[in-house]
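Novice: Below is a structure I'd like to ask you about.
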Amino acid sequence: MKIRIVLLVLVVLFGCAQPVKKEVEQQKLPLLKISENKRFLLDEDGNPFFWLGDTGWLLFSKLDREEVIKYLDNRVEKGFNVIQVMVVHSLNVSNIYGDSALVQGDVSQPAVTEGTNFEDTVAYDFWDHADFIIDEAEKRGLYMALVPVWGTNVKAGGVSREQADKYSTFLAKRYAGKSNIIWLNGGDTMGSDSTATWNIIGENIHRYATNHLETFHPFGRKQSSLWFHDAEWLDFNMFQSGHRRYDQDDTENAYGQDNYKYVQDDYRMIPPKPTIDGEPSYEGIPQGLHDPAEPFWNDNDIRRYAYWSVFAGAFGFTYGNSAVMQMHKPEDKNAAYGAREYWTEAIDMPGATQMHFLKDLILSKCYFDRVPDQSLIAEGQGDKYDYQIATRGNDYAMVYTYNGREMKIAMGKIAEEKVTASWFNPRNGEITIIGEYENNGTQNFDPPGEIEDGNDWVLVLDSVK
């Protein structure tokens with residue numbers, strides 16, 4: 001029997017006390033907080049917040065207002081609730097209307113004109129347009145995760161500490177009153193490079209935008225916890241598992257595609273802080289990033305990254321698409337990373353459509369008691385694409401397989417004498433009920449279909465009360 005996940009929410013939440021979302025003022029989203037156990041996010045009303053992010057890095061500079069609305073509406077329809085954006089991509093950045101962000105490329109001198117006029121393009125400045133986007137996102141229930149200035153500009157010496165101090169103070173004060181802002185300090189960079197500058201930016205945001213959460217977006221195959229875990233300004237950790245295959249990863253850890261290992265690293269850190277994969281491989285980008293002759297990552301790969309990291313303990317997941325992150329258009333002379341689609345078609349690629357099924361599944365369960373638990377897998381955990389990963393709460397358990405291998409499950413890890421077992425399909429969100437089982441001993445479960453990469457399934461066990 002198959003049922004949609006939206007129906008499962010009604011069934012599973014019975015008996016699990018969840019805060020009831022209160023009516024909020026139009027254009028005013030609840031502020032986000034860190035959960036009491038320091039593993040998750042919630043809003044100020046106590047509701048669980050599962051971060052489902054999309055990477056729209058060049059949103060501020062590449063899209064006009066009509067295009068902005070098209071993009072934001074599409075992301076809301078697909079269940080996203082966070083958009084990751086660069087505020088200043090480069091020091092000479094202008095928006096689509098030709099308005100520069102900075103005076104002569106100096107971040108300490110934002111090119112702000114007096115007043116705002118959203119109707120008259122002549123009156124636009126870069127910051128008016130950014131305000132417009134942030135406001136439109138808020139109307140749609142979207143949080144904006146903003147990178148103040150992309151890391152390459154700092155590393156190249158284009159931003160001094162004094163300039164960073166003035167600019168980050170300007171940014172924090174300008175947006176302190178907005179409730180839908182999250183800050184991503186850094187931007188694809190090493191925290192060991194220009195550490196003092198990143199601390200200045202982080203501390204100013206922490207000081208002047210006290211209600212906003214903040215993290216650090218690191219270089220590929222690195223995590224913010226390497227440099228800033230103990231920083232008072234860092235509320236949660238972020239890692240970039242990156243775009244390389246197993247055989248392409250030449251880093252010391254050599255985690256390759258095993259993004260769950262970054263979560264496990266952060267889980268061991270003291271004091272505990274939430275963590276998330278803020279940049280895994282993008283859908284529609286070459287494996288290894290730079291060579292379009294390589295195979296391109298697809299929706300199967302993105303699902304694997306999503307379920308692996310979340311089941312390992314991450315509080316959410318950020319999806320990315322190569323054409324969307326750069327807002328690739330027909331008039332662009334050169335597509336970065338061999339993008340083969342324009343953003344207007346790429347926003348509907350399969351991976352983007354499938355991401356909300358994970359969010360729906362996680363939110364259908366008691367939220368704040370969820371923990372990673374590999375002891376659920378009695379044997380045959382596997383490695384690389386064979387790896388099976390498990391998570392559970394007090395009265396449910398879930399195990400993910402990327403390629404449909406048989407699962408050998410150690411029962412008795414959740415409450416009650418019996419459990420109901422179901423298959424959850426990450427490709428379409430459908431649930432197939434298997435049956436009822438005694439909650440003891442070891443039980444084998446064989447997923448539908450053949451053993452092959454991309455035939456991924458989640459075994460769901462629910463306590464029978």
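By order of appearance in the structure tokens: chains A, B, ..., then residues from 1 within every chain, and ligands from 1 in the order shown.
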Residues within 6 Å of Gly404 (chain A), please, as a VMD selection string. Count only C-alpha atoms; anything in the same chain fewer than 2 positions from it doesn't count.

Specialist: chain A and resid 401 447 451 455 to 456

Novice: What's the 12 Å shell around Asp258 (chain A), counting only C-alpha atoms, without same-chain residues fewer than 4 positions away, as a PyMOL selection string?

Specialist: chain A and resi 221+240-246+249+253-254+262-265+277+280-281+301+304-309+312+383-389

Novice: Would you mind writing down, as an NGL selection string, each residue of region 248-446 of chain A that DSSP on the backbone assigns to strand (DSSP E or B)?

Specialist: :A and (275-277 or 283 or 286 or 296 or 316-319 or 321 or 371-372 or 377-379 or 388-392 or 396-401 or 407-410 or 418-424 or 430-438 or 442-445)

Novice: Given only C-alpha atoms, how would the per-residue table for region 64-87 of chain A near region 134-148 of chain A read, listing every residue at most 6 Å away with its closest atom pair and distance in Å to one decimal, sorted by chain and number, as JSON lines?

Specialist:
```
{"residue": "A:Asn81", "atom": "CA", "partner": "A:Leu142", "partner_atom": "CA", "distance": 4.7}
{"residue": "A:Val82", "atom": "CA", "partner": "A:Tyr143", "partner_atom": "CA", "distance": 4.7}
{"residue": "A:Ile83", "atom": "CA", "partner": "A:Met144", "partner_atom": "CA", "distance": 5.0}
{"residue": "A:Gln84", "atom": "CA", "partner": "A:Ala145", "partner_atom": "CA", "distance": 4.6}
{"residue": "A:Val85", "atom": "CA", "partner": "A:Leu146", "partner_atom": "CA", "distance": 5.1}
{"residue": "A:Met86", "atom": "CA", "partner": "A:Val147", "partner_atom": "CA", "distance": 4.7}
{"residue": "A:Val87", "atom": "CA", "partner": "A:Pro148", "partner_atom": "CA", "distance": 5.2}
```

Novice: Which residue is closest to Met238 (chain A)? Choose from A:Glu203, A:Phe317, A:Thr391, A:Pro286 and count only C-alpha atoms.

Specialist: A:Phe317

Novice: Report the distance between CA of Asn394 (chain A) and CA of Asp369 (chain A) in Å, rounded to one decimal place.

Specialist: 6.7 Å

Novice: Just list the residues in region 102-189 of chain A DSSP gives helix (DSSP H, G or I) on the backbone, as a PyMOL selection string.

Specialist: chain A and resi 121-123+126-139+151-155+161-175

Novice: At a cut-off of 10 Å, using only C-alpha atoms, what residues contact region 352-355 of chain A? Leave out same-chain residues fewer than 5 positions from it and give the result as a count of residues only.

Specialist: 28

Novice: Pick out the residues sitting within 6 Å of Trp457 (chain A), and hand them over as a PDB file with C-alpha atoms, in the first residue's frame; count only C-alpha atoms, and ignore anything fewer than 2 positions along from it in its own chain.

Specialist:
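Printed below is selection.pdb as written:
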```
ATOM      1  CA  TYR A 400      19.103   4.602   4.136  1.00  0.00           C
ATOM      2  CA  THR A 401      20.629   2.536   1.339  1.00  0.00           C
ATOM      3  CA  PHE A 424      10.103   5.293   1.827  1.00  0.00           C
ATOM      4  CA  ASN A 425      11.051   6.161  -1.750  1.00  0.00           C
TER       5      ASN A 425
END
```

Novice: Grab the CA of Pro110 (chain A) to CA of Ala156 (chain A) distance for me, in Å with one decimal place.

Specialist: 19.6 Å

Novice: Neighbouring residues of Pro271 (chain A) were defined as those with any atom within 10 Å, considering only C-alpha atoms; residues of the same chain fewer than 5 positions away were excluded. Please report them as a ChimeraX atom specification.

Specialist: /A:38,229-230,266

Novice: Write a file of the selected residues as a PDB file, in the first residue's frame, keeping N, CA and C atoms.

Specialist:
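Dumped to part_37.pdb:
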```pdb
ATOM      1  N   LYS A  38      21.647  21.606  21.213  1.00  0.00           N
ATOM      2  CA  LYS A  38      22.711  22.144  20.358  1.00  0.00           C
ATOM      3  C   LYS A  38      22.950  21.333  19.090  1.00  0.00           C
ATOM      4  N   HIS A 229      35.389  26.824  15.682  1.00  0.00           N
ATOM      5  CA  HIS A 229      34.395  26.144  16.506  1.00  0.00           C
ATOM      6  C   HIS A 229      34.202  26.837  17.853  1.00  0.00           C
ATOM      7  N   ASP A 230      35.259  27.326  18.439  1.00  0.00           N
ATOM      8  CA  ASP A 230      35.181  27.947  19.759  1.00  0.00           C
ATOM      9  C   ASP A 230      34.879  29.447  19.708  1.00  0.00           C
ATOM     10  N   ASP A 266      32.229  16.755  13.374  1.00  0.00           N
ATOM     11  CA  ASP A 266      31.650  17.878  14.112  1.00  0.00           C
ATOM     12  C   ASP A 266      30.854  17.407  15.318  1.00  0.00           C
TER      13      ASP A 266
END
```

Novice: So which residues touch region 126-130 of chain A within 10 Å, counting only C-alpha atoms, skipping near sequence neighbours fewer than 2 positions away, as a PyMOL selection string?

Specialist: chain A and resi 59-61+63-65+87+93-102+110-118+121+123-124+132-136+174

Novice: Could you work out how far CA of Asp131 (chain A) lies from CA of Ile205 (chain A), giving the answer in Å with one decimal?

Specialist: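 These atoms are spaced 17.6 Å apart.
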
Novice: Given only C-alpha atoms as the basis, pick out the residue of A:Asn199, A:Thr251, A:Pro30, A:Trp57 nearest to Val324 (chain A).

Specialist: A:Trp57

Novice: Nearest to Glu430 (chain A) among A:Ala339, A:Ala314, A:Leu358, A:Ile409, with distances taken over only C-alpha atoms: which residue is it?

Specialist: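 With only C-alpha atoms as the atom set, the closest residue is A:Leu358.
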